[in-house]
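Pasted below: run.tsv, TSV, C-alpha atoms.
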```tsv
chain	number	residue	atom	x	y	z
A	289	MET	CA	28.89	-13.08	-70.70
A	290	LYS	CA	30.16	-10.21	-72.80
A	291	ILE	CA	31.80	-7.11	-71.37
A	292	ARG	CA	31.99	-4.08	-73.64
A	293	ALA	CA	32.26	-0.29	-73.54
A	294	ALA	CA	28.99	1.33	-72.51
A	295	THR	CA	27.15	3.52	-75.01
A	296	GLU	CA	24.40	6.08	-74.78
A	297	ALA	CA	21.94	3.25	-75.48
A	298	ASP	CA	22.89	1.66	-72.14
A	299	ARG	CA	21.81	4.63	-70.03
A	300	ASP	CA	18.48	3.13	-68.96
A	301	ALA	CA	20.05	-0.20	-68.02
A	302	ILE	CA	22.89	1.49	-66.10
A	303	TRP	CA	20.52	3.77	-64.24
A	304	ASN	CA	18.32	0.80	-63.24
A	305	ILE	CA	21.31	-0.98	-61.71
A	306	PHE	CA	22.83	2.16	-60.18
A	307	HIS	CA	19.55	3.14	-58.60
A	308	GLU	CA	18.78	-0.22	-57.02
A	309	ILE	CA	22.31	-0.52	-55.60
A	310	VAL	CA	22.55	3.05	-54.30
A	311	ALA	CA	19.01	3.05	-52.91
A	312	GLY	CA	20.15	0.28	-50.53
A	313	GLY	CA	22.54	2.78	-48.98
A	314	ASP	CA	24.75	0.07	-47.49
A	315	THR	CA	27.72	-0.19	-49.86
A	316	TYR	CA	28.34	3.13	-51.60
A	317	ALA	CA	28.78	6.65	-50.24
A	318	PHE	CA	26.29	8.13	-52.66
A	319	ASP	CA	23.09	9.86	-51.68
A	320	PRO	CA	20.45	7.08	-51.97
A	321	LYS	CA	18.19	9.68	-53.62
A	322	MET	CA	20.79	10.75	-56.18
A	323	PRO	CA	18.82	11.74	-59.28
A	324	ARG	CA	19.17	9.89	-62.57
A	325	GLU	CA	20.89	12.65	-64.54
A	326	GLU	CA	23.47	13.25	-61.79
A	327	ALA	CA	24.21	9.53	-61.53
A	328	LEU	CA	24.64	9.14	-65.29
A	329	ALA	CA	26.80	12.27	-65.48
A	330	TYR	CA	29.06	10.69	-62.84
A	331	TRP	CA	29.18	7.33	-64.63
A	332	PHE	CA	29.88	8.94	-68.04
A	333	ARG	CA	32.25	11.67	-66.80
A	334	ALA	CA	34.79	12.90	-69.37
A	335	ASP	CA	37.75	11.20	-67.63
A	336	THR	CA	35.83	7.94	-67.11
A	337	HIS	CA	35.60	4.71	-69.13
A	338	ALA	CA	32.25	2.99	-68.54
A	339	TYR	CA	31.55	-0.66	-69.36
A	340	VAL	CA	28.60	-3.02	-69.19
A	341	ALA	CA	28.38	-6.79	-68.76
A	342	GLU	CA	25.60	-8.46	-70.67
A	343	VAL	CA	24.24	-11.97	-70.90
A	344	ASP	CA	21.89	-13.53	-73.41
A	345	ALA	CA	18.41	-13.95	-72.02
A	346	GLU	CA	15.42	-15.60	-73.59
A	347	SER	CA	12.63	-13.31	-74.55
A	348	VAL	CA	9.34	-14.44	-75.98
A	349	GLY	CA	8.13	-12.32	-78.86
A	350	GLU	CA	5.85	-12.60	-81.85
A	351	ALA	CA	6.95	-13.25	-85.38
A	352	ASP	CA	6.17	-10.42	-87.77
A	353	SER	CA	2.72	-10.80	-89.16
A	354	PHE	CA	1.98	-9.76	-92.70
A	355	PRO	CA	-1.43	-8.94	-94.10
A	356	GLY	CA	-3.13	-12.05	-95.27
A	357	THR	CA	-0.94	-14.51	-93.34
A	358	ALA	CA	-2.17	-16.77	-90.62
A	359	THR	CA	-2.07	-15.87	-86.94
A	360	PRO	CA	1.61	-15.42	-86.02
A	361	SER	CA	3.14	-18.04	-83.77
A	362	PRO	CA	5.28	-17.01	-80.78
A	363	THR	CA	9.07	-17.14	-81.25
A	364	VAL	CA	11.84	-17.38	-78.68
A	365	GLU	CA	14.67	-14.92	-79.24
A	366	MET	CA	17.96	-14.46	-77.38
A	367	ASN	CA	18.41	-10.83	-76.38
A	368	PRO	CA	21.38	-9.37	-74.53
A	369	VAL	CA	20.51	-8.06	-71.06
A	370	VAL	CA	22.83	-5.79	-69.08
A	371	VAL	CA	23.50	-7.38	-65.66
A	372	GLY	CA	26.39	-5.24	-64.45
A	373	THR	CA	28.37	-2.09	-65.09
A	374	TYR	CA	31.71	-0.69	-64.04
A	375	ILE	CA	33.78	2.46	-64.47
A	376	LEU	CA	37.55	2.93	-64.71
A	377	ARG	CA	39.37	6.24	-64.45
A	378	PRO	CA	42.40	7.99	-62.92
A	379	ASN	CA	41.97	8.23	-59.15
A	380	GLN	CA	43.69	11.64	-59.12
A	381	SER	CA	44.97	14.16	-61.65
A	382	GLY	CA	48.50	15.42	-62.24
A	383	GLY	CA	51.11	13.51	-60.24
A	384	GLY	CA	48.47	11.00	-59.08
A	385	SER	CA	47.08	10.06	-62.48
A	386	HIS	CA	49.07	6.80	-62.84
A	387	VAL	CA	46.82	5.16	-60.22
A	388	ALA	CA	43.43	3.94	-61.46
A	389	ASN	CA	40.17	3.93	-59.60
A	390	ALA	CA	37.17	1.75	-60.41
A	391	ALA	CA	33.61	1.14	-59.20
A	392	PHE	CA	31.45	-1.90	-59.88
A	393	MET	CA	27.73	-2.52	-59.70
A	394	VAL	CA	25.88	-5.79	-60.33
A	395	ALA	CA	22.09	-5.99	-60.68
A	396	LEU	CA	20.62	-7.42	-57.48
A	397	ASP	CA	19.17	-10.45	-59.26
A	398	GLY	CA	22.54	-11.15	-60.91
A	399	GLN	CA	24.64	-11.09	-57.72
A	400	GLY	CA	26.51	-14.23	-56.71
A	401	SER	CA	26.81	-15.44	-60.30
A	402	GLY	CA	30.37	-14.28	-60.95
A	403	VAL	CA	29.49	-11.06	-62.79
A	404	GLY	CA	31.48	-8.93	-60.35
A	405	ARG	CA	34.57	-11.11	-60.62
A	406	LYS	CA	34.48	-11.16	-64.42
A	407	MET	CA	34.06	-7.38	-64.56
A	408	ALA	CA	36.94	-6.91	-62.09
A	409	GLU	CA	39.27	-9.13	-64.14
A	410	HIS	CA	38.26	-7.23	-67.28
A	411	CYS	CA	38.88	-3.96	-65.45
A	412	LEU	CA	42.37	-4.94	-64.30
A	413	SER	CA	43.21	-5.93	-67.85
A	414	GLU	CA	41.87	-2.66	-69.26
A	415	ALA	CA	43.76	-0.64	-66.64
A	416	ARG	CA	47.04	-2.37	-67.57
A	417	ARG	CA	46.35	-1.83	-71.26
A	418	MET	CA	45.86	1.91	-70.58
A	419	GLY	CA	49.20	2.06	-68.74
A	420	PHE	CA	48.01	2.53	-65.16
A	421	ARG	CA	50.64	1.40	-62.62
A	422	ALA	CA	48.25	0.59	-59.77
A	423	MET	CA	44.58	0.52	-58.81
A	424	GLN	CA	43.01	1.98	-55.68
A	425	PHE	CA	39.57	1.66	-54.12
A	426	ASN	CA	39.00	4.67	-51.87
A	427	PHE	CA	35.95	3.55	-49.96
A	428	VAL	CA	35.29	-0.15	-49.34
A	429	VAL	CA	32.74	-0.44	-46.52
A	430	SER	CA	34.10	-2.96	-44.00
A	431	THR	CA	30.74	-4.74	-43.72
A	432	ASN	CA	30.73	-5.52	-47.45
A	433	ALA	CA	32.36	-8.92	-46.96
A	434	PRO	CA	31.76	-10.31	-50.47
A	435	ALA	CA	33.49	-7.30	-52.07
A	436	ILE	CA	36.47	-7.40	-49.69
A	437	HIS	CA	36.84	-11.15	-50.24
A	438	LEU	CA	36.81	-10.68	-54.01
A	439	TRP	CA	39.32	-7.80	-53.96
A	440	GLU	CA	41.69	-9.77	-51.75
A	441	GLN	CA	41.44	-12.77	-54.08
A	442	LEU	CA	42.33	-10.44	-56.94
A	443	GLY	CA	45.47	-9.20	-55.18
A	444	PHE	CA	44.25	-6.07	-53.43
A	445	LYS	CA	45.46	-5.29	-49.93
A	446	ILE	CA	43.90	-3.11	-47.25
A	447	VAL	CA	46.35	-0.17	-47.02
A	448	GLY	CA	44.23	2.09	-44.84
A	449	THR	CA	41.34	2.00	-42.36
A	450	LEU	CA	39.04	5.00	-41.95
A	451	PRO	CA	37.47	4.73	-38.48
A	452	GLY	CA	33.68	4.97	-38.51
A	453	ALA	CA	33.71	6.66	-41.90
A	454	PHE	CA	30.47	5.07	-43.13
A	455	ASP	CA	27.04	5.45	-41.56
A	456	HIS	CA	25.49	2.06	-42.32
A	457	PRO	CA	21.66	2.10	-42.43
A	458	GLU	CA	21.44	-0.86	-40.00
A	459	LYS	CA	24.84	-1.09	-38.31
A	460	GLY	CA	25.58	2.58	-37.66
A	461	TYR	CA	29.12	3.95	-37.99
A	462	VAL	CA	31.40	1.28	-39.42
A	463	ASP	CA	34.99	1.38	-40.66
A	464	VAL	CA	35.92	1.82	-44.30
A	465	TYR	CA	38.96	0.35	-46.04
A	466	VAL	CA	41.25	1.82	-48.64
A	467	MET	CA	42.40	-1.03	-50.90
A	468	PHE	CA	45.30	-0.98	-53.35
A	469	ARG	CA	47.20	-3.19	-55.72
A	470	SER	CA	50.11	-2.73	-58.08
A	471	LEU	CA	49.57	-3.44	-61.77
A	472	LEU	CA	53.27	-3.70	-62.58
A	473	PRO	CA	54.58	-7.02	-63.90
B	641	MET	CA	45.20	37.93	-39.71
B	642	LYS	CA	41.54	37.62	-40.60
B	643	ILE	CA	39.95	34.46	-41.95
B	644	ARG	CA	36.57	34.84	-43.62
B	645	ALA	CA	34.30	33.20	-46.19
B	646	ALA	CA	35.54	33.75	-49.72
B	647	THR	CA	33.43	35.80	-52.12
B	648	GLU	CA	33.33	36.27	-55.87
B	649	ALA	CA	35.64	39.27	-55.34
B	650	ASP	CA	38.38	36.90	-54.13
B	651	ARG	CA	38.54	34.90	-57.36
B	652	ASP	CA	41.68	36.63	-58.70
B	653	ALA	CA	43.53	36.29	-55.40
B	654	ILE	CA	42.54	32.62	-55.03
B	655	TRP	CA	43.55	31.81	-58.58
B	656	ASN	CA	46.95	33.48	-58.09
B	657	ILE	CA	47.65	31.30	-55.05
B	658	PHE	CA	46.15	28.13	-56.54
B	659	HIS	CA	48.15	28.54	-59.73
B	660	GLU	CA	51.52	29.12	-58.10
B	661	ILE	CA	51.04	26.15	-55.74
B	662	VAL	CA	49.71	23.73	-58.37
B	663	ALA	CA	52.28	24.80	-60.99
B	664	GLY	CA	54.96	23.47	-58.63
B	665	GLY	CA	53.46	20.01	-59.09
B	666	ASP	CA	55.05	18.67	-55.91
B	667	THR	CA	52.24	18.73	-53.32
B	668	TYR	CA	48.84	18.40	-54.99
B	669	ALA	CA	47.51	15.83	-57.45
B	670	PHE	CA	46.16	18.47	-59.79
B	671	ASP	CA	47.26	18.96	-63.36
B	672	PRO	CA	49.90	21.77	-63.08
B	673	LYS	CA	48.31	23.30	-66.19
B	674	MET	CA	44.79	23.22	-64.78
B	675	PRO	CA	43.00	26.23	-66.30
B	676	ARG	CA	41.72	29.09	-64.19
B	677	GLU	CA	37.99	28.47	-64.68
B	678	GLU	CA	38.32	24.76	-63.85
B	679	ALA	CA	40.32	25.53	-60.71
B	680	LEU	CA	37.83	28.14	-59.50
B	681	ALA	CA	34.88	25.84	-60.28
B	682	TYR	CA	36.55	23.23	-58.06
B	683	TRP	CA	37.24	25.71	-55.25
B	684	PHE	CA	33.70	27.15	-55.36
B	685	ARG	CA	31.86	23.84	-55.94
B	686	ALA	CA	28.27	23.77	-54.70
B	687	ASP	CA	29.07	21.42	-51.77
B	688	THR	CA	32.20	23.39	-50.80
B	689	HIS	CA	32.82	26.18	-48.28
B	690	ALA	CA	35.74	28.36	-49.40
B	691	TYR	CA	37.64	30.72	-47.10
B	692	VAL	CA	40.48	33.22	-47.41
B	693	ALA	CA	43.08	34.46	-44.92
B	694	GLU	CA	44.03	38.08	-45.27
B	695	VAL	CA	46.56	40.37	-43.64
B	696	ASP	CA	46.85	44.14	-43.68
B	697	ALA	CA	49.61	45.31	-45.95
B	698	GLU	CA	50.87	48.82	-46.55
B	699	SER	CA	50.16	50.26	-49.95
B	700	VAL	CA	51.34	53.63	-51.12
B	701	GLY	CA	48.71	55.56	-53.01
B	702	GLU	CA	47.81	59.11	-53.87
B	703	ALA	CA	45.23	61.23	-52.16
B	704	ASP	CA	42.32	62.14	-54.40
B	705	SER	CA	43.06	65.27	-56.32
B	706	PHE	CA	40.32	67.70	-57.10
B	707	PRO	CA	40.38	70.36	-59.78
B	708	GLY	CA	42.08	73.44	-58.47
B	709	THR	CA	43.81	71.78	-55.50
B	710	ALA	CA	47.53	71.55	-55.08
B	711	THR	CA	49.56	68.53	-56.23
B	712	PRO	CA	48.41	65.57	-54.13
B	713	SER	CA	50.83	64.14	-51.60
B	714	PRO	CA	51.34	60.37	-51.31
B	715	THR	CA	49.44	58.57	-48.56
B	716	VAL	CA	50.09	55.22	-46.90
B	717	GLU	CA	47.02	53.04	-46.60
B	718	MET	CA	46.53	49.64	-45.01
B	719	ASN	CA	44.86	47.29	-47.46
B	720	PRO	CA	43.92	43.67	-46.81
B	721	VAL	CA	45.86	41.18	-48.92
B	722	VAL	CA	44.81	37.53	-49.33
B	723	VAL	CA	47.73	35.29	-48.31
B	724	GLY	CA	45.98	31.92	-48.10
B	725	THR	CA	42.81	30.04	-48.93
B	726	TYR	CA	41.18	26.82	-47.89
B	727	ILE	CA	38.11	24.73	-48.67
B	728	LEU	CA	35.95	22.54	-46.44
B	729	ARG	CA	33.36	20.03	-47.65
B	730	PRO	CA	32.00	16.53	-47.13
B	731	ASN	CA	34.58	13.96	-48.21
B	732	GLN	CA	31.84	11.66	-49.52
B	733	SER	CA	28.08	11.79	-50.04
B	734	GLY	CA	25.33	9.70	-48.47
B	735	GLY	CA	26.61	7.44	-45.70
B	736	GLY	CA	30.05	9.08	-45.83
B	737	SER	CA	28.94	12.71	-45.53
B	738	HIS	CA	29.71	13.03	-41.79
B	739	VAL	CA	33.45	13.08	-42.56
B	740	ALA	CA	34.85	16.39	-43.74
B	741	ASN	CA	37.60	16.95	-46.25
B	742	ALA	CA	39.70	20.11	-46.56
B	743	ALA	CA	42.48	21.54	-48.71
B	744	PHE	CA	44.79	24.43	-47.88
B	745	MET	CA	46.98	26.70	-49.96
B	746	VAL	CA	49.29	29.47	-48.73
B	747	ALA	CA	50.90	31.99	-51.10
B	748	LEU	CA	54.57	31.08	-51.59
B	749	ASP	CA	55.80	34.35	-50.08
B	750	GLY	CA	53.56	33.82	-47.03
B	751	GLN	CA	54.73	30.29	-46.20
B	752	GLY	CA	56.39	29.65	-42.86
B	753	SER	CA	54.54	32.52	-41.18
B	754	GLY	CA	51.79	30.48	-39.51
B	755	VAL	CA	49.09	31.11	-42.11
B	756	GLY	CA	48.57	27.39	-42.70
B	757	ARG	CA	48.25	26.61	-39.01
B	758	LYS	CA	45.76	29.42	-38.40
B	759	MET	CA	43.66	28.34	-41.37
B	760	ALA	CA	43.75	24.71	-40.19
B	761	GLU	CA	42.60	25.66	-36.69
B	762	HIS	CA	39.83	27.79	-38.20
B	763	CYS	CA	38.87	24.89	-40.45
B	764	LEU	CA	38.62	22.38	-37.58
B	765	SER	CA	36.42	24.84	-35.70
B	766	GLU	CA	34.18	25.39	-38.72
B	767	ALA	CA	33.91	21.65	-39.35
B	768	ARG	CA	32.81	21.07	-35.73
B	769	ARG	CA	30.32	23.92	-35.98
B	770	MET	CA	28.82	22.31	-39.10
B	771	GLY	CA	28.44	19.01	-37.29
B	772	PHE	CA	31.11	16.92	-39.03
B	773	ARG	CA	32.29	13.99	-36.88
B	774	ALA	CA	35.77	13.63	-38.38
B	775	MET	CA	38.13	15.10	-40.95
B	776	GLN	CA	40.09	13.21	-43.58
B	777	PHE	CA	42.89	14.20	-45.93
B	778	ASN	CA	42.91	11.79	-48.86
B	779	PHE	CA	46.23	12.62	-50.44
B	780	VAL	CA	49.11	13.94	-48.32
B	781	VAL	CA	52.33	13.51	-50.30
B	782	SER	CA	54.89	11.85	-48.00
B	783	THR	CA	57.65	14.27	-49.03
B	784	ASN	CA	55.59	17.27	-47.84
B	785	ALA	CA	57.17	17.23	-44.38
B	786	PRO	CA	55.88	20.64	-43.18
B	787	ALA	CA	52.28	19.64	-43.92
B	788	ILE	CA	52.58	16.23	-42.26
B	789	HIS	CA	54.21	17.82	-39.20
B	790	LEU	CA	51.42	20.38	-38.92
B	791	TRP	CA	48.64	17.80	-39.34
B	792	GLU	CA	50.20	15.57	-36.67
B	793	GLN	CA	50.49	18.52	-34.29
B	794	LEU	CA	46.79	19.18	-34.89
B	795	GLY	CA	45.83	15.62	-33.98
B	796	PHE	CA	45.74	13.89	-37.35
B	797	LYS	CA	47.10	10.38	-37.68
B	798	ILE	CA	48.32	8.52	-40.75
B	799	VAL	CA	45.66	5.83	-41.24
B	800	GLY	CA	46.77	4.65	-44.67
B	801	THR	CA	49.80	4.59	-46.97
B	802	LEU	CA	49.38	4.50	-50.75
B	803	PRO	CA	52.58	3.03	-52.19
B	804	GLY	CA	54.15	5.17	-54.91
B	805	ALA	CA	50.86	6.96	-55.54
B	806	PHE	CA	52.45	10.33	-56.37
B	807	ASP	CA	54.84	11.04	-59.22
B	808	HIS	CA	57.02	13.78	-57.71
B	809	PRO	CA	58.66	16.06	-60.29
B	810	GLU	CA	62.12	15.56	-58.72
B	811	LYS	CA	61.85	12.46	-56.54
B	812	GLY	CA	59.82	10.16	-58.80
B	813	TYR	CA	57.19	7.82	-57.35
B	814	VAL	CA	56.73	8.53	-53.64
B	815	ASP	CA	54.20	7.28	-51.08
B	816	VAL	CA	51.07	9.20	-50.16
B	817	TYR	CA	49.38	9.24	-46.77
B	818	VAL	CA	45.71	9.22	-45.85
B	819	MET	CA	45.34	11.25	-42.62
B	820	PHE	CA	42.34	11.30	-40.30
B	821	ARG	CA	41.18	12.75	-37.02
B	822	SER	CA	37.98	12.56	-35.03
B	823	LEU	CA	36.16	15.82	-34.24
B	824	LEU	CA	34.09	14.34	-31.43
B	825	PRO	CA	34.55	15.78	-27.92
```
File written out as structure tokens:
Amino acid sequence: MKIRAATEADRDAIWNIFHEIVAGGDTYAFDPKMPREEALAYWFRADTHAYVAEVDAESVGEADSFPGTATPSPTVEMNPVVVGTYILRPNQSGGGSHVANAAFMVALDGQGSGVGRKMAEHCLSEARRMGFRAMQFNFVVSTNAPAIHLWEQLGFKIVGTLPGAFDHPEKGYVDVYVMFRSLLP
Amino acid sequence: MKIRAATEADRDAIWNIFHEIVAGGDTYAFDPKMPREEALAYWFRADTHAYVAEVDAESVGEADSFPGTATPSPTVEMNPVVVGTYILRPNQSGGGSHVANAAFMVALDGQGSGVGRKMAEHCLSEARRMGFRAMQFNFVVSTNAPAIHLWEQLGFKIVGTLPGAFDHPEKGYVDVYVMFRSLLP
């Protein structure tokens, strides 16, 4: 898996992941009908660093055919496919800008394969490299057990509980956690 | 004191208050050099309700003079002066949009005179009227004792502590509180 800075060419891939995650309405406090341009403007905001995780996937294509050659035979190529994306930015401005914030999204058919963990480790490393002193997640829905488990394994602690702050599509009003970890040595 | 919805005509007054508060750099996580248009765009954001508090203040003017009349004599008029402003909006979108967020600013020479409390009471009433179920402050600097005291008197509780999340211009890294209160009957 390769994690790299996102470019304009990744907009379609990012939107596909963003849309399928947000449409579920059970993990992020975004409008499930948030339009594409608004979502991409948020992901590529001026103060935000966006990344993608990609894996090599087989794709079956056709060899170039030239006039006069025989029928082309199929070839198998390895093409990178974006399976996850994350953003990193200051959580606040001014006197709060030394604390980073991040958000992660993994394509539904890539979940459970370690993409989230690898992106999170990459993100912590990037945040340290940029000089952030800590990282904060403002809105971790308490029913999102896999995310909470991962953040705790990576050293985050629940530093706040917002009672009933998320209206879960199946479970109704559920608590939300604020999670935080220092990035200092 | 009258509290009313802010209009375009209040932009100068709001900017004057915003600028003197944010320039202090000790209570809000905004860049102290945040430019006027950016500040006003934030205060008048599409999802945001902005209000102002105004008091009557004496101003000495001159009566209109007409050609041929005697020298005009000075008159004392009562003119409304904006002494505070606040905003009210959803703290999150989608499944988090039932929790309100608010921010309050009182002109430095109006502080300690109850403007903040009256705006906060007005804000809680407006939030209930709009159907919000709770109100959350995301970033209350722990050294801002008057604000914390007021929020606790108005029923807010500290539900989270962000360690060293604010770089105070005199005190260095200080904790920040997340405060929350239900608006349900």
Problem set entry | Neighbour list for Leu823 in chain B as number ranges by chain, cut-off 9 Å, all atoms listed in the file, skip fewer than 5 positions in-chain | B: 764, 767-768, 771-775
For this session: Enumerate as a PyMOL selection string the residues belonging to chain B that approach chain A to within 6 Å, with all atoms listed in the file taken into account.
Result: chain B and resi 669-671+732-736+799-801+805-807
For this session: Identify, on the basis of only C-alpha atoms, every residue whose closest approach to Met745 in chain B does not exceed 9 Å; exclude the query and any residue fewer than 5 positions from it along the same chain; express the result as JSON, numbers by chain.
Result: {"B": [654, 657, 658, 661, 723, 724, 725, 726, 756]}
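CA of Ile436 in chain A is found 13.1 Å from CA of Ala391 in chain A.
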Could you give me the axis-aligned bounding box of range 372-380 of chain A, with 8 Å of padding per side, as centre plus edge lengths in Å to one decimal, as AutoDock Vina command-line options?
```
--center_x 35.0 --center_y 3.2 --center_z -62.1 --size_x 33.3 --size_y 32.9 --size_z 22.0
```
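Here CA of Trp683 in chain B and CA of Ala329 in chain A stand 19.9 Å from one another.
One finds CA of Pro825 in chain B at 20.7 Å from CA of Leu790 in chain B.
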For this session: Tell me, as a VMD selection string, which residues lie within 12 Å of Ala693 in chain B, counting all atoms listed in the file; anything in the same chain fewer than 3 positions away does not count.
Result: chain B and resid 641 to 646 650 653 to 654 657 690 696 720 to 727 744 to 747 750 754 to 760 762 to 763
